[in-house]
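Dropping work_8.txt in here (compact mmCIF, N, CA, C and O atoms):
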# COMPACT_ATOMS: atom_id res chain seq x y z
N MET D 1 104.14 154.07 -181.90
CA MET D 1 103.58 154.66 -180.70
C MET D 1 102.05 154.52 -180.77
O MET D 1 101.44 154.88 -181.76
N ALA D 2 101.44 154.01 -179.73
CA ALA D 2 99.98 153.82 -179.70
C ALA D 2 99.26 155.16 -179.71
O ALA D 2 99.84 156.19 -179.35
N GLY D 3 97.96 155.15 -180.10
CA GLY D 3 97.18 156.39 -180.22
C GLY D 3 97.20 157.26 -178.98
O GLY D 3 97.42 158.46 -179.05
N GLY D 4 96.96 156.66 -177.80
CA GLY D 4 96.96 157.43 -176.56
C GLY D 4 98.33 157.99 -176.23
O GLY D 4 98.47 159.12 -175.78
N SER D 5 99.37 157.20 -176.48
CA SER D 5 100.74 157.65 -176.22
C SER D 5 101.12 158.78 -177.17
O SER D 5 101.76 159.74 -176.77
N ARG D 6 100.72 158.65 -178.44
CA ARG D 6 101.03 159.69 -179.43
C ARG D 6 100.34 161.00 -179.05
O ARG D 6 100.94 162.07 -179.13
N SER D 7 99.08 160.91 -178.63
CA SER D 7 98.33 162.09 -178.23
C SER D 7 99.00 162.77 -177.04
O SER D 7 99.17 163.98 -176.99
N TRP D 8 99.39 161.96 -176.04
CA TRP D 8 100.06 162.51 -174.86
C TRP D 8 101.37 163.18 -175.26
O TRP D 8 101.69 164.27 -174.80
N TYR D 9 102.14 162.53 -176.13
CA TYR D 9 103.42 163.05 -176.57
C TYR D 9 103.26 164.38 -177.31
O TYR D 9 103.98 165.34 -177.04
N LYS D 10 102.30 164.44 -178.24
CA LYS D 10 102.04 165.69 -178.96
C LYS D 10 101.63 166.79 -178.00
O LYS D 10 102.06 167.94 -178.13
N GLY D 11 100.80 166.44 -177.00
CA GLY D 11 100.39 167.42 -176.00
C GLY D 11 101.57 167.94 -175.20
O GLY D 11 101.70 169.14 -174.94
N ALA D 12 102.45 167.03 -174.81
CA ALA D 12 103.65 167.42 -174.05
C ALA D 12 104.53 168.35 -174.87
O ALA D 12 105.06 169.34 -174.35
N LEU D 13 104.69 168.05 -176.15
CA LEU D 13 105.49 168.93 -177.02
C LEU D 13 104.87 170.32 -177.11
O LEU D 13 105.58 171.33 -177.09
N GLY D 14 103.55 170.38 -177.19
CA GLY D 14 102.85 171.66 -177.23
C GLY D 14 103.06 172.45 -175.95
O GLY D 14 103.32 173.65 -175.98
N GLU D 15 102.97 171.77 -174.81
CA GLU D 15 103.18 172.45 -173.52
C GLU D 15 104.60 173.00 -173.41
O GLU D 15 104.81 174.12 -172.94
N ILE D 16 105.57 172.23 -173.87
CA ILE D 16 106.97 172.68 -173.82
C ILE D 16 107.17 173.89 -174.72
O ILE D 16 107.79 174.88 -174.32
N ALA D 17 106.61 173.84 -175.93
CA ALA D 17 106.77 174.97 -176.87
C ALA D 17 106.15 176.24 -176.30
O ALA D 17 106.76 177.32 -176.35
N ILE D 18 104.94 176.14 -175.75
CA ILE D 18 104.29 177.31 -175.17
C ILE D 18 105.07 177.79 -173.94
O ILE D 18 105.23 179.00 -173.72
N GLY D 19 105.57 176.86 -173.15
CA GLY D 19 106.38 177.23 -171.99
C GLY D 19 107.57 178.08 -172.38
O GLY D 19 107.89 179.08 -171.72
N HIS D 20 108.24 177.73 -173.47
CA HIS D 20 109.39 178.52 -173.95
C HIS D 20 108.94 179.91 -174.39
O HIS D 20 109.61 180.91 -174.10
N LEU D 21 107.81 180.00 -175.08
CA LEU D 21 107.30 181.30 -175.50
C LEU D 21 106.96 182.19 -174.31
O LEU D 21 107.20 183.40 -174.32
N LEU D 22 106.39 181.58 -173.27
CA LEU D 22 105.98 182.36 -172.10
C LEU D 22 107.17 182.94 -171.34
O LEU D 22 107.05 183.99 -170.71
N THR D 23 108.32 182.29 -171.40
CA THR D 23 109.49 182.81 -170.70
C THR D 23 109.96 184.13 -171.31
O THR D 23 110.67 184.89 -170.67
N ALA D 24 109.52 184.43 -172.54
CA ALA D 24 109.90 185.68 -173.20
C ALA D 24 109.10 186.87 -172.69
O ALA D 24 109.33 188.00 -173.14
N LEU D 25 108.17 186.66 -171.77
CA LEU D 25 107.37 187.78 -171.25
C LEU D 25 108.19 188.79 -170.47
O LEU D 25 107.78 189.93 -170.33
N GLY D 26 109.32 188.39 -169.96
CA GLY D 26 110.20 189.33 -169.28
C GLY D 26 110.15 189.21 -167.77
O GLY D 26 109.38 188.42 -167.20
N PRO D 27 110.97 190.03 -167.11
CA PRO D 27 111.17 189.90 -165.66
C PRO D 27 109.97 190.32 -164.80
O PRO D 27 109.93 189.99 -163.62
N ASP D 28 109.01 191.04 -165.37
CA ASP D 28 107.83 191.43 -164.59
C ASP D 28 106.86 190.28 -164.39
O ASP D 28 105.90 190.40 -163.64
N TRP D 29 107.10 189.17 -165.07
CA TRP D 29 106.18 188.04 -165.03
C TRP D 29 106.82 186.83 -164.38
O TRP D 29 107.97 186.52 -164.62
N THR D 30 106.04 186.15 -163.57
CA THR D 30 106.43 184.84 -163.04
C THR D 30 105.61 183.81 -163.81
O THR D 30 104.39 183.93 -163.92
N VAL D 31 106.29 182.82 -164.34
CA VAL D 31 105.63 181.78 -165.12
C VAL D 31 105.84 180.45 -164.41
O VAL D 31 106.97 180.04 -164.17
N LEU D 32 104.74 179.79 -164.06
CA LEU D 32 104.78 178.49 -163.40
C LEU D 32 104.23 177.45 -164.37
O LEU D 32 103.28 177.73 -165.12
N HIS D 33 104.77 176.25 -164.33
CA HIS D 33 104.34 175.19 -165.23
C HIS D 33 103.89 173.97 -164.43
O HIS D 33 104.47 173.66 -163.38
N ALA D 34 102.88 173.27 -164.93
CA ALA D 34 102.39 172.03 -164.33
C ALA D 34 102.11 172.21 -162.83
O ALA D 34 102.61 171.48 -161.99
N VAL D 35 101.28 173.20 -162.51
CA VAL D 35 100.94 173.50 -161.11
C VAL D 35 99.87 172.52 -160.64
O VAL D 35 98.77 172.49 -161.18
N PRO D 36 100.19 171.68 -159.64
CA PRO D 36 99.21 170.69 -159.18
C PRO D 36 98.03 171.36 -158.47
O PRO D 36 98.21 172.30 -157.71
N VAL D 37 96.83 170.86 -158.76
CA VAL D 37 95.62 171.33 -158.08
C VAL D 37 94.73 170.13 -157.81
O VAL D 37 94.66 169.21 -158.61
N GLY D 38 94.08 170.15 -156.68
CA GLY D 38 93.13 169.09 -156.37
C GLY D 38 93.80 167.75 -156.14
O GLY D 38 94.98 167.65 -155.86
N ALA D 39 92.99 166.73 -156.29
CA ALA D 39 93.45 165.37 -156.04
C ALA D 39 94.02 164.75 -157.32
O ALA D 39 93.87 165.27 -158.42
N LYS D 40 94.66 163.63 -157.14
CA LYS D 40 95.19 162.82 -158.24
C LYS D 40 96.23 163.57 -159.05
O LYS D 40 97.12 164.20 -158.50
N THR D 41 96.10 163.54 -160.37
CA THR D 41 97.14 164.12 -161.23
C THR D 41 96.71 165.43 -161.88
O THR D 41 97.34 165.88 -162.84
N ALA D 42 95.66 166.06 -161.39
CA ALA D 42 95.17 167.31 -161.99
C ALA D 42 96.22 168.41 -161.85
O ALA D 42 96.84 168.56 -160.78
N ASP D 43 96.43 169.15 -162.93
CA ASP D 43 97.34 170.29 -162.87
C ASP D 43 96.89 171.37 -163.83
O ASP D 43 96.06 171.15 -164.70
N ILE D 44 97.43 172.57 -163.61
CA ILE D 44 97.23 173.68 -164.54
C ILE D 44 98.52 173.77 -165.35
O ILE D 44 99.61 173.84 -164.79
N TYR D 45 98.38 173.74 -166.66
CA TYR D 45 99.56 173.68 -167.52
C TYR D 45 100.51 174.86 -167.29
O TYR D 45 101.70 174.67 -167.15
N HIS D 46 99.95 176.08 -167.29
CA HIS D 46 100.78 177.27 -167.11
C HIS D 46 100.00 178.30 -166.29
O HIS D 46 98.82 178.52 -166.54
N VAL D 47 100.68 178.93 -165.33
CA VAL D 47 100.09 180.04 -164.56
C VAL D 47 101.02 181.23 -164.74
O VAL D 47 102.23 181.13 -164.53
N LEU D 48 100.45 182.36 -165.15
CA LEU D 48 101.21 183.59 -165.33
C LEU D 48 100.81 184.57 -164.24
O LEU D 48 99.62 184.80 -164.02
N ILE D 49 101.79 185.17 -163.59
CA ILE D 49 101.55 186.16 -162.54
C ILE D 49 102.34 187.40 -162.93
O ILE D 49 103.56 187.34 -163.09
N GLY D 50 101.62 188.51 -163.11
CA GLY D 50 102.31 189.71 -163.55
C GLY D 50 101.54 190.97 -163.23
O GLY D 50 100.55 190.94 -162.50
N PRO D 51 101.99 192.08 -163.77
CA PRO D 51 101.41 193.39 -163.46
C PRO D 51 99.92 193.49 -163.78
O PRO D 51 99.20 194.24 -163.11
N SER D 52 99.45 192.77 -164.76
CA SER D 52 98.03 192.90 -165.13
C SER D 52 97.16 191.77 -164.57
O SER D 52 95.99 191.68 -164.90
N GLY D 53 97.72 190.91 -163.71
CA GLY D 53 96.90 189.90 -163.07
C GLY D 53 97.49 188.51 -163.11
O GLY D 53 98.67 188.31 -163.40
N VAL D 54 96.63 187.54 -162.81
CA VAL D 54 96.99 186.12 -162.81
C VAL D 54 96.20 185.45 -163.93
O VAL D 54 94.99 185.65 -164.05
N PHE D 55 96.88 184.67 -164.75
CA PHE D 55 96.26 184.01 -165.89
C PHE D 55 96.61 182.53 -165.89
O PHE D 55 97.73 182.17 -165.54
N THR D 56 95.65 181.70 -166.28
CA THR D 56 95.93 180.30 -166.50
C THR D 56 95.89 180.03 -168.00
O THR D 56 95.08 180.61 -168.72
N ILE D 57 96.78 179.17 -168.45
CA ILE D 57 96.82 178.81 -169.86
C ILE D 57 96.76 177.29 -169.96
O ILE D 57 97.57 176.58 -169.36
N ASN D 58 95.80 176.82 -170.72
CA ASN D 58 95.62 175.40 -170.95
C ASN D 58 96.07 175.13 -172.38
O ASN D 58 95.49 175.64 -173.33
N THR D 59 97.13 174.37 -172.55
CA THR D 59 97.75 174.15 -173.85
C THR D 59 97.18 172.92 -174.53
O THR D 59 97.04 171.87 -173.91
N LYS D 60 96.86 173.05 -175.81
CA LYS D 60 96.42 171.92 -176.63
C LYS D 60 97.23 171.94 -177.92
O LYS D 60 97.55 173.00 -178.44
N ASN D 61 97.56 170.78 -178.43
CA ASN D 61 98.32 170.68 -179.69
C ASN D 61 97.40 170.11 -180.76
O ASN D 61 97.12 168.91 -180.77
N HIS D 62 96.94 170.97 -181.64
CA HIS D 62 96.10 170.54 -182.76
C HIS D 62 96.78 170.89 -184.08
O HIS D 62 96.13 171.31 -185.04
N SER D 63 98.09 170.72 -184.11
CA SER D 63 98.83 171.07 -185.32
C SER D 63 98.33 170.25 -186.50
O SER D 63 98.01 169.07 -186.38
N GLY D 64 98.23 170.93 -187.64
CA GLY D 64 97.80 170.28 -188.86
C GLY D 64 96.30 170.05 -188.97
O GLY D 64 95.84 169.45 -189.93
N GLN D 65 95.52 170.54 -188.00
CA GLN D 65 94.07 170.36 -188.03
C GLN D 65 93.40 171.73 -188.14
O GLN D 65 93.92 172.72 -187.65
N SER D 66 92.24 171.75 -188.76
CA SER D 66 91.50 173.01 -188.85
C SER D 66 90.85 173.30 -187.49
O SER D 66 90.33 172.39 -186.84
N VAL D 67 90.93 174.56 -187.07
CA VAL D 67 90.35 174.99 -185.80
C VAL D 67 89.38 176.12 -186.09
O VAL D 67 89.71 177.07 -186.81
N TRP D 68 88.18 176.03 -185.54
CA TRP D 68 87.13 177.03 -185.74
C TRP D 68 86.60 177.43 -184.37
O TRP D 68 86.29 176.57 -183.54
N VAL D 69 86.54 178.76 -184.11
CA VAL D 69 86.05 179.28 -182.84
C VAL D 69 85.04 180.38 -183.11
O VAL D 69 85.29 181.27 -183.93
N ALA D 70 83.89 180.33 -182.43
CA ALA D 70 82.88 181.38 -182.50
C ALA D 70 82.14 181.39 -181.18
O ALA D 70 81.58 180.37 -180.76
N GLY D 71 82.16 182.54 -180.53
CA GLY D 71 81.48 182.64 -179.23
C GLY D 71 82.04 181.66 -178.23
O GLY D 71 83.23 181.68 -177.92
N HIS D 72 81.18 180.76 -177.74
CA HIS D 72 81.58 179.78 -176.74
C HIS D 72 81.80 178.40 -177.34
O HIS D 72 81.84 177.40 -176.62
N VAL D 73 81.93 178.33 -178.67
CA VAL D 73 82.06 177.04 -179.35
C VAL D 73 83.42 176.95 -180.03
O VAL D 73 83.86 177.89 -180.69
N MET D 74 84.08 175.80 -179.86
CA MET D 74 85.35 175.54 -180.54
C MET D 74 85.26 174.17 -181.20
O MET D 74 84.84 173.21 -180.56
N MET D 75 85.66 174.14 -182.47
CA MET D 75 85.67 172.87 -183.20
C MET D 75 87.07 172.62 -183.74
O MET D 75 87.73 173.55 -184.21
N VAL D 76 87.51 171.38 -183.65
CA VAL D 76 88.80 170.96 -184.20
C VAL D 76 88.52 169.81 -185.16
O VAL D 76 87.90 168.82 -184.77
N ALA D 77 88.96 169.99 -186.38
CA ALA D 77 88.74 168.98 -187.43
C ALA D 77 87.26 168.61 -187.52
O ALA D 77 86.91 167.44 -187.68
N GLY D 78 86.39 169.61 -187.38
CA GLY D 78 84.96 169.40 -187.52
C GLY D 78 84.27 168.81 -186.30
O GLY D 78 83.07 168.55 -186.35
N ARG D 79 84.99 168.61 -185.21
CA ARG D 79 84.38 168.03 -184.01
C ARG D 79 84.41 169.05 -182.85
O ARG D 79 85.45 169.67 -182.58
N LYS D 80 83.28 169.20 -182.18
CA LYS D 80 83.16 170.14 -181.07
C LYS D 80 84.06 169.69 -179.92
O LYS D 80 84.12 168.52 -179.59
N GLN D 81 84.75 170.67 -179.34
CA GLN D 81 85.66 170.42 -178.22
C GLN D 81 85.18 171.18 -176.98
O GLN D 81 84.50 172.19 -177.10
N ARG D 82 85.58 170.74 -175.81
CA ARG D 82 85.22 171.40 -174.57
C ARG D 82 86.36 172.28 -174.03
O ARG D 82 86.36 172.68 -172.88
N HIS D 83 87.34 172.59 -174.85
CA HIS D 83 88.50 173.35 -174.39
C HIS D 83 88.13 174.69 -173.77
O HIS D 83 88.68 175.09 -172.74
N LEU D 84 87.21 175.43 -174.38
CA LEU D 84 86.84 176.75 -173.86
C LEU D 84 86.13 176.63 -172.52
O LEU D 84 86.43 177.39 -171.58
N GLN D 85 85.20 175.70 -172.41
CA GLN D 85 84.49 175.50 -171.14
C GLN D 85 85.48 175.05 -170.05
O GLN D 85 85.41 175.52 -168.91
N ASN D 86 86.39 174.15 -170.42
CA ASN D 86 87.37 173.68 -169.45
C ASN D 86 88.30 174.81 -169.00
O ASN D 86 88.67 174.89 -167.82
N ALA D 87 88.67 175.69 -169.91
CA ALA D 87 89.54 176.82 -169.57
C ALA D 87 88.83 177.78 -168.61
O ALA D 87 89.43 178.27 -167.65
N ARG D 88 87.54 178.03 -168.86
CA ARG D 88 86.78 178.90 -167.95
C ARG D 88 86.68 178.27 -166.56
O ARG D 88 86.84 178.94 -165.55
N TYR D 89 86.42 176.96 -166.51
CA TYR D 89 86.35 176.26 -165.23
C TYR D 89 87.69 176.35 -164.50
O TYR D 89 87.74 176.63 -163.30
N GLU D 90 88.78 176.15 -165.23
CA GLU D 90 90.12 176.21 -164.63
C GLU D 90 90.39 177.59 -164.06
O GLU D 90 90.93 177.74 -162.96
N ALA D 91 90.03 178.64 -164.79
CA ALA D 91 90.25 180.01 -164.32
C ALA D 91 89.41 180.30 -163.08
O ALA D 91 89.92 180.89 -162.11
N THR D 92 88.17 179.86 -163.08
CA THR D 92 87.31 180.07 -161.91
C THR D 92 87.84 179.32 -160.71
O THR D 92 87.86 179.84 -159.58
N ARG D 93 88.25 178.09 -160.93
CA ARG D 93 88.80 177.28 -159.84
C ARG D 93 90.07 177.93 -159.27
O ARG D 93 90.25 177.98 -158.06
N THR D 94 90.93 178.41 -160.14
CA THR D 94 92.16 179.06 -159.71
C THR D 94 91.86 180.31 -158.90
O THR D 94 92.48 180.56 -157.86
N ALA D 95 90.91 181.11 -159.36
CA ALA D 95 90.53 182.32 -158.62
C ALA D 95 90.02 181.96 -157.21
O ALA D 95 90.37 182.64 -156.24
N GLY D 96 89.26 180.91 -157.11
CA GLY D 96 88.78 180.47 -155.80
C GLY D 96 89.90 180.02 -154.89
O GLY D 96 89.93 180.35 -153.71
N LEU D 97 90.86 179.27 -155.45
CA LEU D 97 91.99 178.80 -154.65
C LEU D 97 92.85 179.99 -154.18
O LEU D 97 93.31 180.02 -153.05
N LEU D 98 93.06 180.95 -155.08
CA LEU D 98 93.88 182.12 -154.72
C LEU D 98 93.15 183.00 -153.71
O LEU D 98 93.78 183.64 -152.87
N GLY D 99 91.84 183.03 -153.80
CA GLY D 99 91.05 183.86 -152.88
C GLY D 99 91.10 183.37 -151.44
O GLY D 99 90.92 184.12 -150.51
N ARG D 100 91.33 182.07 -151.30
CA ARG D 100 91.43 181.50 -149.94
C ARG D 100 92.72 181.88 -149.31
O ARG D 100 93.00 181.92 -148.22
Could you express the structure from this file as structure tokens?
Amino acid sequence: MAGGSRSWYKGALGEIAIGHLLTALGPDWTVLHAVPVGAKTADIYHVLIGPSGVFTINTKNHSGQSVWVAGHVMMVAGRKQRHLQNARYEATRTAGLLGR
């Protein structure tokens, strides 16, 4: 499997695993997966709707790698990632869409 395909596959496995965990939240929660937003192929991996609000979850699979988080910085295997900034953008965008 080529590098890009392997990365996509690992990501898909991570999304599926988290999706199964989220279904355990119970009947008070609605869990949506792969919610399309915007143009092209953009989507939100998971949207949770429940008694305490609406949440977006962006799933990443970094199994077997060291992960370090402090404040607004996240590093995976010693390399800075934009996951936290992207998650904040996704949440803000979702709030705007829901507000309309």
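When only C-alpha atoms are used to measure the gap to D:Thr92, the shortest distance among D:Leu22, D:Ile49, D:Val69, D:Val54 belongs to D:Val54.
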Would you list, as a PyMOL selection string, the residues of stretch 3-81 of chain D that end up in strand (DSSP E) under DSSP run on this structure's backbone? chain D and resi 30-36+43-50+53-57+67-70+73-76+79-81
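Of the listed residues D:Met74, D:Leu48, D:Glu90, D:Arg79, the one whose atoms come nearest to D:Thr23 is D:Leu48, with distances taken using only C-alpha atoms.
Distance annotation: of D:Asn61, D:Phe55, D:Thr30, D:Ala39, the residue with the minimal separation from D:Gly11 is D:Asn61; atom set is all atoms listed in the file.
Here atom N of D:Gln85 and atom N of D:Gly14 stand 19.7 Å from one another.
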Which residue gives the smallest distance to D:His72 among D:Glu15, D:Leu84, D:Arg93, D:Trp29, with only N, CA, C and O atoms counted? D:Leu84
Determine, counting only N, CA, C and O atoms, which protein, DNA and RNA residues have an atom within 8 Å of an atom of D:Trp68; residues of the same chain fewer than 2 positions away are not included. Present the result as an mmCIF file with N, CA, C and O atoms, keeping the file's coordinate frame.
data_model
loop_
_atom_site.group_PDB
_atom_site.id
_atom_site.type_symbol
_atom_site.label_atom_id
_atom_site.label_comp_id
_atom_site.auth_asym_id
_atom_site.auth_seq_id
_atom_site.Cartn_x
_atom_site.Cartn_y
_atom_site.Cartn_z
ATOM 1 N N GLN D 65 95.520 170.540 -188.000
ATOM 2 C CA GLN D 65 94.070 170.360 -188.030
ATOM 3 C C GLN D 65 93.400 171.730 -188.140
ATOM 4 O O GLN D 65 93.920 172.720 -187.650
ATOM 5 N N SER D 66 92.240 171.750 -188.760
ATOM 6 C CA SER D 66 91.500 173.010 -188.850
ATOM 7 C C SER D 66 90.850 173.300 -187.490
ATOM 8 O O SER D 66 90.330 172.390 -186.840
ATOM 9 N N ALA D 70 83.890 180.330 -182.430
ATOM 10 C CA ALA D 70 82.880 181.380 -182.500
ATOM 11 C C ALA D 70 82.140 181.390 -181.180
ATOM 12 O O ALA D 70 81.580 180.370 -180.760
ATOM 13 N N GLY D 71 82.160 182.540 -180.530
ATOM 14 C CA GLY D 71 81.480 182.640 -179.230
ATOM 15 C C GLY D 71 82.040 181.660 -178.230
ATOM 16 O O GLY D 71 83.230 181.680 -177.920
ATOM 17 N N HIS D 72 81.180 180.760 -177.740
ATOM 18 C CA HIS D 72 81.580 179.780 -176.740
ATOM 19 C C HIS D 72 81.800 178.400 -177.340
ATOM 20 O O HIS D 72 81.840 177.400 -176.620
ATOM 21 N N VAL D 73 81.930 178.330 -178.670
ATOM 22 C CA VAL D 73 82.060 177.040 -179.350
ATOM 23 C C VAL D 73 83.420 176.950 -180.030
ATOM 24 O O VAL D 73 83.860 177.890 -180.690
ATOM 25 N N MET D 74 84.080 175.800 -179.860
ATOM 26 C CA MET D 74 85.350 175.540 -180.540
ATOM 27 C C MET D 74 85.260 174.170 -181.200
ATOM 28 O O MET D 74 84.840 173.210 -180.560
ATOM 29 N N MET D 75 85.660 174.140 -182.470
ATOM 30 C CA MET D 75 85.670 172.870 -183.200
ATOM 31 C C MET D 75 87.070 172.620 -183.740
ATOM 32 O O MET D 75 87.730 173.550 -184.210
ATOM 33 N N VAL D 76 87.510 171.380 -183.650
ATOM 34 C CA VAL D 76 88.800 170.960 -184.200
ATOM 35 C C VAL D 76 88.520 169.810 -185.160
ATOM 36 O O VAL D 76 87.900 168.820 -184.770
ATOM 37 N N ALA D 77 88.960 169.990 -186.380
ATOM 38 C CA ALA D 77 88.740 168.980 -187.430
ATOM 39 C C ALA D 77 87.260 168.610 -187.520
ATOM 40 O O ALA D 77 86.910 167.440 -187.680
ATOM 41 N N GLY D 78 86.390 169.610 -187.380
ATOM 42 C CA GLY D 78 84.960 169.400 -187.520
ATOM 43 C C GLY D 78 84.270 168.810 -186.300
ATOM 44 O O GLY D 78 83.070 168.550 -186.350
ATOM 45 N N ARG D 79 84.990 168.610 -185.210
ATOM 46 C CA ARG D 79 84.380 168.030 -184.010
ATOM 47 C C ARG D 79 84.410 169.050 -182.850
ATOM 48 O O ARG D 79 85.450 169.670 -182.580
ATOM 49 N N LYS D 80 83.280 169.200 -182.180
ATOM 50 C CA LYS D 80 83.160 170.140 -181.070
ATOM 51 C C LYS D 80 84.060 169.690 -179.920
ATOM 52 O O LYS D 80 84.120 168.520 -179.590
ATOM 53 N N GLN D 81 84.750 170.670 -179.340
ATOM 54 C CA GLN D 81 85.660 170.420 -178.220
ATOM 55 C C GLN D 81 85.180 171.180 -176.980
ATOM 56 O O GLN D 81 84.500 172.190 -177.100
#
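Here atom C of D:His20 stands at a distance of 18.7 Å from atom O of D:His62.
The spacing separating atom CA of D:Gly26 from atom O of D:Ile57 amounts to 17.9 Å.
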Backbone-only DSSP, alpha helix (DSSP H) members of chain D, as a ChimeraX atom specification: /D:3-22,83-99
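Take the candidates D:Leu98, D:Val67, D:Ala34, D:Ala87 and check each one against D:Ile16 using only C-alpha atoms; the shortest distance goes to D:Ala34.
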Find, counting only C-alpha atoms, the residue in D:Thr56, D:Ser5, D:Ser63, D:Asn86 that gets nearest to D:Val35. D:Thr56
